[in-house]
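A.B. asks: Take a look at structure.cif, mmCIF, C-alpha atoms:
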```cif
data_coords
#
loop_
_atom_site.label_atom_id
_atom_site.label_comp_id
_atom_site.auth_asym_id
_atom_site.auth_seq_id
_atom_site.Cartn_x
_atom_site.Cartn_y
_atom_site.Cartn_z
CA ARG A 511 0.00 0.00 0.00
CA THR A 512 1.28 3.46 -0.86
CA PRO A 513 1.69 5.54 2.30
CA ASN A 514 -0.18 8.82 2.60
CA PRO A 515 2.28 11.55 1.52
CA ASN A 516 0.65 14.05 3.93
CA PRO A 517 -0.24 12.17 7.12
CA ASN A 518 -2.26 14.10 9.66
CA PRO A 519 -1.44 12.82 13.16
CA ASN A 520 -3.75 15.40 14.70
CA PRO A 521 -7.23 15.11 13.17
CA PRO A 522 -9.61 18.02 13.89
CA ALA A 523 -11.45 17.80 17.20
CA PRO A 524 -15.23 18.05 17.43
CA MET A 525 -16.54 21.60 17.50
CA ALA A 526 -17.60 21.59 21.15
CA ALA A 527 -14.22 20.30 22.29
CA ALA A 528 -12.35 22.90 20.26
CA ALA A 529 -14.48 25.68 21.67
CA VAL A 530 -13.38 24.96 25.23
CA SER A 531 -9.67 24.43 24.63
CA PRO A 532 -7.84 24.76 27.95
CA LYS A 533 -5.27 27.16 26.45
CA PRO A 534 -7.16 29.39 24.00
CA SER A 535 -5.22 31.90 21.97
CA ALA A 536 -5.95 35.50 22.89
CA PRO A 537 -7.80 37.43 20.18
CA SER A 538 -6.23 40.56 18.79
CA ALA A 539 -7.63 44.00 19.61
CA GLU A 540 -8.57 44.38 15.95
CA SER A 541 -10.61 41.15 15.92
CA MET A 542 -12.48 42.11 19.09
CA SER A 543 -13.34 45.54 17.68
CA THR A 544 -15.26 43.82 14.88
CA VAL A 545 -17.39 41.57 17.07
CA ARG A 546 -21.01 41.59 15.94
CA ILE A 547 -24.07 40.64 17.97
CA GLU A 548 -26.96 38.87 16.29
CA ALA A 549 -29.97 36.78 17.21
CA LEU A 550 -29.45 33.04 17.63
CA SER A 551 -30.15 30.95 14.54
CA GLU A 552 -29.71 27.32 13.55
CA GLU A 553 -26.37 28.29 12.04
CA THR A 554 -25.07 29.24 15.49
CA PHE A 555 -26.77 26.53 17.59
CA ALA A 556 -23.60 24.43 17.88
CA GLY A 557 -21.38 27.38 18.86
CA ALA A 558 -23.87 28.61 21.46
CA LEU A 559 -24.22 25.10 22.89
CA ALA A 560 -20.45 24.75 23.25
CA ILE A 561 -20.31 27.94 25.31
CA GLN A 562 -23.30 26.91 27.43
CA ASN A 563 -21.77 23.51 28.20
CA GLU A 564 -18.46 25.14 29.11
CA PHE A 565 -20.29 27.65 31.32
CA LEU A 566 -22.26 24.95 33.16
CA GLY A 567 -19.30 22.60 33.38
CA ARG A 568 -17.02 25.17 34.99
CA GLY A 569 -17.26 24.02 38.62
CA LYS A 570 -21.05 23.71 38.69
CA GLY A 571 -22.95 20.61 39.72
CA CYS A 572 -26.36 19.43 40.87
CA CYS A 573 -27.06 18.08 44.39
CA PHE A 574 -24.85 20.71 46.05
CA GLY A 575 -22.12 20.17 43.48
CA CYS A 576 -21.87 16.40 43.91
CA LEU A 577 -22.95 15.69 40.32
CA PRO A 578 -20.86 17.93 38.01
CA TYR A 579 -22.66 19.08 34.87
CA SER A 580 -19.44 18.43 32.98
CA MET A 581 -20.21 14.71 33.33
CA CYS A 582 -23.33 15.03 31.18
CA PRO A 583 -23.02 17.90 28.69
CA MET A 584 -26.16 18.77 26.76
CA SER A 585 -26.44 17.31 23.27
CA LEU A 586 -27.15 19.43 20.21
CA SER A 587 -30.45 17.61 19.80
CA ASP A 588 -31.63 18.49 23.33
CA PHE A 589 -30.43 22.06 22.92
CA SER A 590 -32.20 22.52 19.59
CA LYS A 591 -35.52 20.87 20.44
CA PRO A 592 -37.15 23.66 22.52
CA LEU A 593 -35.74 26.33 20.20
CA LYS A 594 -37.28 24.72 17.14
CA LYS A 595 -40.55 24.17 19.01
CA HIS A 596 -40.69 27.83 20.06
CA PRO A 597 -38.91 29.84 17.33
CA GLU A 598 -40.41 33.04 18.76
CA ILE A 599 -37.75 33.01 21.50
CA LEU A 600 -34.81 33.05 19.07
CA PRO A 601 -34.87 36.88 18.72
CA LEU A 602 -34.41 37.12 22.51
CA ILE A 603 -31.17 35.08 22.51
CA GLY A 604 -28.08 36.86 21.29
CA VAL A 605 -24.73 35.51 20.15
CA ALA A 606 -21.47 37.42 19.79
CA ARG A 607 -19.48 36.45 16.69
CA ARG A 608 -16.07 37.49 15.47
CA ALA A 609 -16.54 39.22 12.15
CA GLY A 610 -13.46 37.61 10.64
CA ASP A 611 -14.32 33.93 11.02
CA GLY A 612 -17.85 34.01 12.47
CA GLU A 613 -16.86 32.05 15.58
CA VAL A 614 -19.38 32.32 18.42
CA ILE A 615 -17.57 33.79 21.43
CA GLY A 616 -20.45 34.81 23.68
CA ILE A 617 -24.15 34.25 24.40
CA ILE A 618 -26.95 35.99 26.24
CA PHE A 619 -30.28 34.30 26.98
CA THR A 620 -33.05 36.75 27.86
CA VAL A 621 -36.67 36.01 28.72
CA HIS A 622 -39.58 38.45 28.42
CA HIS A 623 -42.96 38.26 30.10
CA GLY A 624 -45.15 35.68 28.39
CA THR A 625 -42.39 33.96 26.39
CA PRO A 626 -41.59 30.25 26.88
CA ARG A 627 -38.54 29.17 28.88
CA THR A 628 -36.07 26.76 27.30
CA ASP A 629 -35.27 25.41 30.77
CA PRO A 630 -38.35 24.54 32.87
CA VAL A 631 -36.22 24.44 36.04
CA ALA A 632 -35.28 28.11 35.56
CA GLY A 633 -38.95 29.04 35.61
CA PHE A 634 -39.21 27.55 39.09
CA PHE A 635 -36.72 30.08 40.46
CA HIS A 636 -38.09 33.22 38.83
CA THR A 637 -41.36 34.26 37.23
CA VAL A 638 -40.88 37.00 34.67
CA LYS A 639 -43.27 39.89 35.28
CA PRO A 640 -44.72 42.43 32.83
CA GLY A 641 -42.16 45.03 31.77
CA GLU A 642 -39.25 42.82 32.77
CA ALA A 643 -36.41 41.39 30.70
CA TYR A 644 -34.74 38.61 32.66
CA VAL A 645 -31.18 37.52 31.85
CA ASP A 646 -31.24 33.74 32.12
CA ALA A 647 -27.57 33.36 31.17
CA LEU A 648 -24.62 35.41 29.97
CA ALA A 649 -21.37 33.67 29.07
CA VAL A 650 -18.23 34.48 27.08
CA THR A 651 -15.39 32.19 25.99
CA ALA A 652 -12.21 32.30 28.05
CA ALA A 653 -10.24 33.85 25.19
CA ALA A 654 -12.73 36.72 24.78
CA ARG A 655 -13.14 37.73 28.42
CA GLY A 656 -12.10 41.20 29.44
CA GLN A 657 -12.63 42.52 25.90
CA GLY A 658 -16.05 44.11 26.34
CA VAL A 659 -18.03 41.27 24.77
CA GLY A 660 -20.26 40.86 27.83
CA THR A 661 -21.14 44.57 27.76
CA LYS A 662 -21.99 44.38 24.06
CA LEU A 663 -24.28 41.44 24.71
CA LEU A 664 -26.04 43.29 27.54
CA LYS A 665 -26.54 46.34 25.31
CA TRP A 666 -27.97 44.14 22.56
CA GLY A 667 -30.37 42.49 25.00
CA GLU A 668 -31.42 45.86 26.38
CA ALA A 669 -32.18 47.21 22.90
CA VAL A 670 -34.31 44.16 22.12
CA ALA A 671 -36.11 44.49 25.45
CA ARG A 672 -36.80 48.20 24.97
CA GLU A 673 -38.27 47.54 21.54
CA ALA A 674 -40.57 44.95 23.12
CA GLY A 675 -41.75 47.47 25.73
CA ALA A 676 -39.71 46.31 28.73
CA ASP A 677 -38.51 48.90 31.23
CA ARG A 678 -35.97 46.98 33.31
CA TYR A 679 -33.36 44.23 33.37
CA THR A 680 -33.30 41.58 36.10
CA LEU A 681 -31.06 38.61 36.79
CA ALA A 682 -29.74 36.30 39.50
CA VAL A 683 -26.00 35.88 39.98
CA ALA A 684 -24.14 33.31 42.07
CA ARG A 685 -22.34 34.69 45.08
CA LYS A 686 -18.68 35.58 44.46
CA ASN A 687 -19.19 35.30 40.71
CA PRO A 688 -16.66 37.68 39.07
CA ALA A 689 -19.44 38.70 36.64
CA MET A 690 -20.92 40.79 39.46
CA ARG A 691 -18.40 43.51 38.61
CA LEU A 692 -19.62 43.61 35.00
CA TYR A 693 -23.24 43.90 36.10
CA GLU A 694 -22.51 46.65 38.61
CA ARG A 695 -20.53 48.63 36.01
CA TYR A 696 -23.43 48.29 33.62
CA GLY A 697 -25.85 49.71 36.18
CA PHE A 698 -27.35 46.72 38.01
CA GLU A 699 -27.99 46.98 41.74
CA PHE A 700 -28.68 44.25 44.27
CA LYS A 701 -32.34 43.76 45.07
CA GLN A 702 -33.04 43.38 48.75
CA LYS A 703 -35.07 40.34 49.78
CA GLY A 704 -36.60 39.23 53.04
CA ALA A 705 -34.46 36.90 55.13
CA CYS A 706 -36.71 33.86 54.59
CA HIS A 707 -36.91 34.40 50.83
CA GLN A 708 -33.15 34.93 50.54
CA CYS A 709 -32.50 31.76 52.53
CA PHE A 710 -34.77 29.82 50.16
CA VAL A 711 -32.99 31.26 47.09
CA ASP A 712 -29.56 30.45 48.55
CA CYS A 713 -30.52 26.86 49.34
CA CYS A 714 -32.00 26.30 45.87
CA ALA A 715 -28.96 27.81 44.17
CA CYS A 716 -26.59 25.64 46.22
CA PHE A 717 -28.58 22.54 45.37
CA TRP A 718 -28.62 23.21 41.61
CA ILE A 719 -25.12 24.63 41.00
CA GLY A 720 -23.09 23.97 44.17
CA SER A 721 -20.55 26.68 45.03
CA PRO A 722 -18.56 27.21 41.80
CA ASN A 723 -16.92 30.43 42.96
CA GLY A 724 -16.43 29.53 46.60
CA GLY A 725 -19.70 31.14 47.63
CA CYS A 726 -23.00 29.42 48.30
CA GLY A 727 -26.22 30.99 47.07
CA ALA A 728 -27.29 33.71 44.66
CA ARG A 729 -28.33 37.36 44.67
CA ASP A 730 -31.02 39.06 42.63
CA MET A 731 -30.06 42.20 40.70
CA VAL A 732 -32.17 44.79 38.88
CA MET A 733 -31.50 47.70 36.53
CA PRO A 734 -34.28 50.08 35.43
CA PHE A 735 -33.72 51.21 31.86
CA ALA A 736 -32.59 54.81 31.59
CA PRO A 737 -34.53 57.30 29.44
CA GLU A 738 -33.65 57.15 25.75
CA GLN A 739 -31.47 60.28 25.81
CA GLU A 740 -29.36 58.92 28.68
CA GLN A 741 -29.08 55.58 26.91
CA MET A 742 -27.66 57.29 23.81
CA ASN A 743 -24.87 58.76 25.96
CA LYS A 744 -24.11 55.47 27.72
#
```
Starting from the coordinates I provided, produce the structure as structure tokens.
C.D. replies:
Amino acid sequence: RTPNPNPNPNPPAPMAAAAVSPKPSAPSAESMSTVRIEALSEETFAGALAIQNEFLGRGKGCCFGCLPYSMCPMSLSDFSKPLKKHPEILPLIGVARRAGDGEVIGIIFTVHHGTPRTDPVAGFFHTVKPGEAYVDALAVTAAARGQGVGTKLLKWGEAVAREAGADRYTLAVARKNPAMRLYERYGFEFKQKGACHQCFVDCCACFWIGSPNGGCGARDMVMPFAPEQEQMNK
């Protein structure tokens, strides 16, 4: 048999595995300046799923962290099923893509009042009220962090929410999550809860995600949308 003149000892890895490489190369300032935000589509399902699995697998686990989510990453089929069943929620989910190669480097899942939830468990923790745009998830690849991608995603979600008539952002963030700094810079403030309610939220959060950042529990945050003129100067 004639040997292959160009052997490839390193065949390409599956997309999800490549997206969470332990030593990602840092993007250039030029590439990050051309990041575009767009609504999720079937073309970007796989890229968004890879980021979601990496986000959930990063130290999070059910049953107080005893069952890591990294042991059972979501399949593309399971990820796509509710999105195809309820295509009306696709415009509420944003993806950040590098303009050069189109790679998905960030995601934001928002929920408006009256729209279906892709995760029924999430609906147990928070009921979205009229006028509210709830951030279910915001995640950016390791290589793109610190480059303003999270802020761009939040601005995109806010614009979509304003167009739909919402007047505020809300979210829940795990205690000691570094993303708190991003939310506070953007304008979010912690929402005070009664002691009993906060204890319930903390226990539920610990059960479902453990303590990925060394803190147990979660805090609610809210940000009323500024008037249009102030938003233009933001």
A.B. asks: Report as a PyMOL selection string all protein, DNA and RNA residues lying within 7 Å of Leu663 of chain A, evaluated on only C-alpha atoms, omitting residues in the same chain fewer than 2 positions from it.
C.D. replies: chain A and resi 547+604+606+618+659-661+665-667
A.B. asks: Pull out every residue that the PyMOL selection byres ((chain A and resi 692-704) around 6) matches in the shown coordinates and put them as number ranges by chain.
C.D. replies: A: 689-691, 705-708, 730-733
A.B. asks: Let's have the selection written as an mmCIF file, in the frame of the given file, with C-alpha atoms.
C.D. replies:
```
data_model
loop_
_atom_site.group_PDB
_atom_site.id
_atom_site.type_symbol
_atom_site.label_atom_id
_atom_site.label_comp_id
_atom_site.auth_asym_id
_atom_site.auth_seq_id
_atom_site.Cartn_x
_atom_site.Cartn_y
_atom_site.Cartn_z
ATOM 1 C CA ALA A 689 -19.440 38.700 36.640
ATOM 2 C CA MET A 690 -20.920 40.790 39.460
ATOM 3 C CA ARG A 691 -18.400 43.510 38.610
ATOM 4 C CA ALA A 705 -34.460 36.900 55.130
ATOM 5 C CA CYS A 706 -36.710 33.860 54.590
ATOM 6 C CA HIS A 707 -36.910 34.400 50.830
ATOM 7 C CA GLN A 708 -33.150 34.930 50.540
ATOM 8 C CA ASP A 730 -31.020 39.060 42.630
ATOM 9 C CA MET A 731 -30.060 42.200 40.700
ATOM 10 C CA VAL A 732 -32.170 44.790 38.880
ATOM 11 C CA MET A 733 -31.500 47.700 36.530
#
```
A.B. asks: Compare A:Gly720, A:Gly675, A:Pro737, A:Pro597 by their minimum atom-to-atom distance to Leu566 of chain A, counting only C-alpha atoms, and give me the closest one.
C.D. replies: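 Among the listed residues, the smallest separation from Leu566 of chain A belongs to A:Gly720.
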A.B. asks: Give as a PDB file with C-alpha atoms, in the coordinates of the input each residue that has an atom at most 10 Å from (-36.5, 41.2, 31.7) in the file, counting only C-alpha atoms.
C.D. replies:
```pdb
ATOM      1  CA  THR A 620     -33.050  36.750  27.860  1.00  0.00           C
ATOM      2  CA  VAL A 621     -36.670  36.010  28.720  1.00  0.00           C
ATOM      3  CA  HIS A 622     -39.580  38.450  28.420  1.00  0.00           C
ATOM      4  CA  HIS A 623     -42.960  38.260  30.100  1.00  0.00           C
ATOM      5  CA  VAL A 638     -40.880  37.000  34.670  1.00  0.00           C
ATOM      6  CA  LYS A 639     -43.270  39.890  35.280  1.00  0.00           C
ATOM      7  CA  PRO A 640     -44.720  42.430  32.830  1.00  0.00           C
ATOM      8  CA  GLY A 641     -42.160  45.030  31.770  1.00  0.00           C
ATOM      9  CA  GLU A 642     -39.250  42.820  32.770  1.00  0.00           C
ATOM     10  CA  ALA A 643     -36.410  41.390  30.700  1.00  0.00           C
ATOM     11  CA  TYR A 644     -34.740  38.610  32.660  1.00  0.00           C
ATOM     12  CA  VAL A 645     -31.180  37.520  31.850  1.00  0.00           C
ATOM     13  CA  ASP A 646     -31.240  33.740  32.120  1.00  0.00           C
ATOM     14  CA  GLY A 667     -30.370  42.490  25.000  1.00  0.00           C
ATOM     15  CA  GLU A 668     -31.420  45.860  26.380  1.00  0.00           C
ATOM     16  CA  ALA A 671     -36.110  44.490  25.450  1.00  0.00           C
ATOM     17  CA  ARG A 672     -36.800  48.200  24.970  1.00  0.00           C
ATOM     18  CA  ALA A 676     -39.710  46.310  28.730  1.00  0.00           C
ATOM     19  CA  ASP A 677     -38.510  48.900  31.230  1.00  0.00           C
ATOM     20  CA  ARG A 678     -35.970  46.980  33.310  1.00  0.00           C
ATOM     21  CA  TYR A 679     -33.360  44.230  33.370  1.00  0.00           C
ATOM     22  CA  THR A 680     -33.300  41.580  36.100  1.00  0.00           C
ATOM     23  CA  LEU A 681     -31.060  38.610  36.790  1.00  0.00           C
ATOM     24  CA  VAL A 732     -32.170  44.790  38.880  1.00  0.00           C
ATOM     25  CA  MET A 733     -31.500  47.700  36.530  1.00  0.00           C
ATOM     26  CA  PRO A 734     -34.280  50.080  35.430  1.00  0.00           C
TER      27      PRO A 734
END
```
A.B. asks: Could you tell me which of A:Asp629, A:Pro688, A:Ala669, A:Pro601 comes closest to Gly656 of chain A if we count all atoms listed in the file?
C.D. replies: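 Using all atoms listed in the file, Gly656 of chain A sits closest to A:Pro688.
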A.B. asks: For atom CA of Arg607 of chain A and atom CA of Val670 of chain A, quote the distance in Å rounded to one decimal.
C.D. replies: 17.6 Å
A.B. asks: Quick one: residues within 7 Å of Gly571 of chain A, all atoms listed in the file counted, chain neighbours fewer than 4 positions away excluded, as a ChimeraX atom specification?
C.D. replies: /A:575-579,718-720
A.B. asks: Provide the atom CA of Ile561 of chain A to atom CA of Pro626 of chain A distance in Å, to one decimal place.
C.D. replies: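 These atoms are spaced 21.5 Å apart.
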A.B. asks: Rebuild segment 625-643 of chain A so that it carries N, CA and C atoms, then output the result as a PDB file, in the frame of the given file.
C.D. replies:
```pdb
ATOM      1  N   THR A 625     -43.103  34.826  27.342  1.00  0.00           N
ATOM      2  CA  THR A 625     -42.390  33.960  26.390  1.00  0.00           C
ATOM      3  C   THR A 625     -42.000  32.659  27.058  1.00  0.00           C
ATOM      4  N   PRO A 626     -41.939  31.551  26.298  1.00  0.00           N
ATOM      5  CA  PRO A 626     -41.590  30.250  26.880  1.00  0.00           C
ATOM      6  C   PRO A 626     -40.151  30.239  27.409  1.00  0.00           C
ATOM      7  N   ARG A 627     -39.891  29.361  28.361  1.00  0.00           N
ATOM      8  CA  ARG A 627     -38.540  29.170  28.880  1.00  0.00           C
ATOM      9  C   ARG A 627     -37.967  27.895  28.271  1.00  0.00           C
ATOM     10  N   THR A 628     -36.703  27.962  27.845  1.00  0.00           N
ATOM     11  CA  THR A 628     -36.070  26.760  27.300  1.00  0.00           C
ATOM     12  C   THR A 628     -35.736  25.771  28.405  1.00  0.00           C
ATOM     13  N   ASP A 629     -35.592  26.260  29.628  1.00  0.00           N
ATOM     14  CA  ASP A 629     -35.270  25.410  30.770  1.00  0.00           C
ATOM     15  C   ASP A 629     -36.400  25.511  31.784  1.00  0.00           C
ATOM     16  N   PRO A 630     -37.217  24.465  31.937  1.00  0.00           N
ATOM     17  CA  PRO A 630     -38.350  24.540  32.870  1.00  0.00           C
ATOM     18  C   PRO A 630     -37.911  24.732  34.309  1.00  0.00           C
ATOM     19  N   VAL A 631     -36.715  24.270  34.669  1.00  0.00           N
ATOM     20  CA  VAL A 631     -36.220  24.440  36.040  1.00  0.00           C
ATOM     21  C   VAL A 631     -36.017  25.924  36.344  1.00  0.00           C
ATOM     22  N   ALA A 632     -35.529  26.679  35.350  1.00  0.00           N
ATOM     23  CA  ALA A 632     -35.280  28.110  35.560  1.00  0.00           C
ATOM     24  C   ALA A 632     -36.564  28.843  35.902  1.00  0.00           C
ATOM     25  N   GLY A 633     -37.672  28.411  35.316  1.00  0.00           N
ATOM     26  CA  GLY A 633     -38.950  29.040  35.610  1.00  0.00           C
ATOM     27  C   GLY A 633     -39.391  28.842  37.045  1.00  0.00           C
ATOM     28  N   PHE A 634     -38.885  27.804  37.687  1.00  0.00           N
ATOM     29  CA  PHE A 634     -39.210  27.550  39.090  1.00  0.00           C
ATOM     30  C   PHE A 634     -38.601  28.610  39.994  1.00  0.00           C
ATOM     31  N   PHE A 635     -37.432  29.113  39.624  1.00  0.00           N
ATOM     32  CA  PHE A 635     -36.720  30.080  40.460  1.00  0.00           C
ATOM     33  C   PHE A 635     -37.247  31.511  40.279  1.00  0.00           C
ATOM     34  N   HIS A 636     -37.691  31.828  39.076  1.00  0.00           N
ATOM     35  CA  HIS A 636     -38.090  33.220  38.830  1.00  0.00           C
ATOM     36  C   HIS A 636     -39.219  33.280  37.817  1.00  0.00           C
ATOM     37  N   THR A 637     -40.260  34.012  38.153  1.00  0.00           N
ATOM     38  CA  THR A 637     -41.360  34.260  37.230  1.00  0.00           C
ATOM     39  C   THR A 637     -41.196  35.654  36.650  1.00  0.00           C
ATOM     40  N   VAL A 638     -41.092  35.726  35.338  1.00  0.00           N
ATOM     41  CA  VAL A 638     -40.880  37.000  34.670  1.00  0.00           C
ATOM     42  C   VAL A 638     -42.176  37.800  34.655  1.00  0.00           C
ATOM     43  N   LYS A 639     -42.085  39.032  35.148  1.00  0.00           N
ATOM     44  CA  LYS A 639     -43.270  39.890  35.280  1.00  0.00           C
ATOM     45  C   LYS A 639     -43.378  40.854  34.102  1.00  0.00           C
ATOM     46  N   PRO A 640     -44.554  41.458  33.922  1.00  0.00           N
ATOM     47  CA  PRO A 640     -44.720  42.430  32.830  1.00  0.00           C
ATOM     48  C   PRO A 640     -43.691  43.562  32.939  1.00  0.00           C
ATOM     49  N   GLY A 641     -43.133  43.956  31.801  1.00  0.00           N
ATOM     50  CA  GLY A 641     -42.160  45.030  31.770  1.00  0.00           C
ATOM     51  C   GLY A 641     -40.744  44.602  32.102  1.00  0.00           C
ATOM     52  N   GLU A 642     -40.549  43.326  32.321  1.00  0.00           N
ATOM     53  CA  GLU A 642     -39.250  42.820  32.770  1.00  0.00           C
ATOM     54  C   GLU A 642     -38.542  42.037  31.658  1.00  0.00           C
ATOM     55  N   ALA A 643     -37.248  42.205  31.578  1.00  0.00           N
ATOM     56  CA  ALA A 643     -36.410  41.390  30.700  1.00  0.00           C
ATOM     57  C   ALA A 643     -35.401  40.691  31.600  1.00  0.00           C
TER      58      ALA A 643
END
```
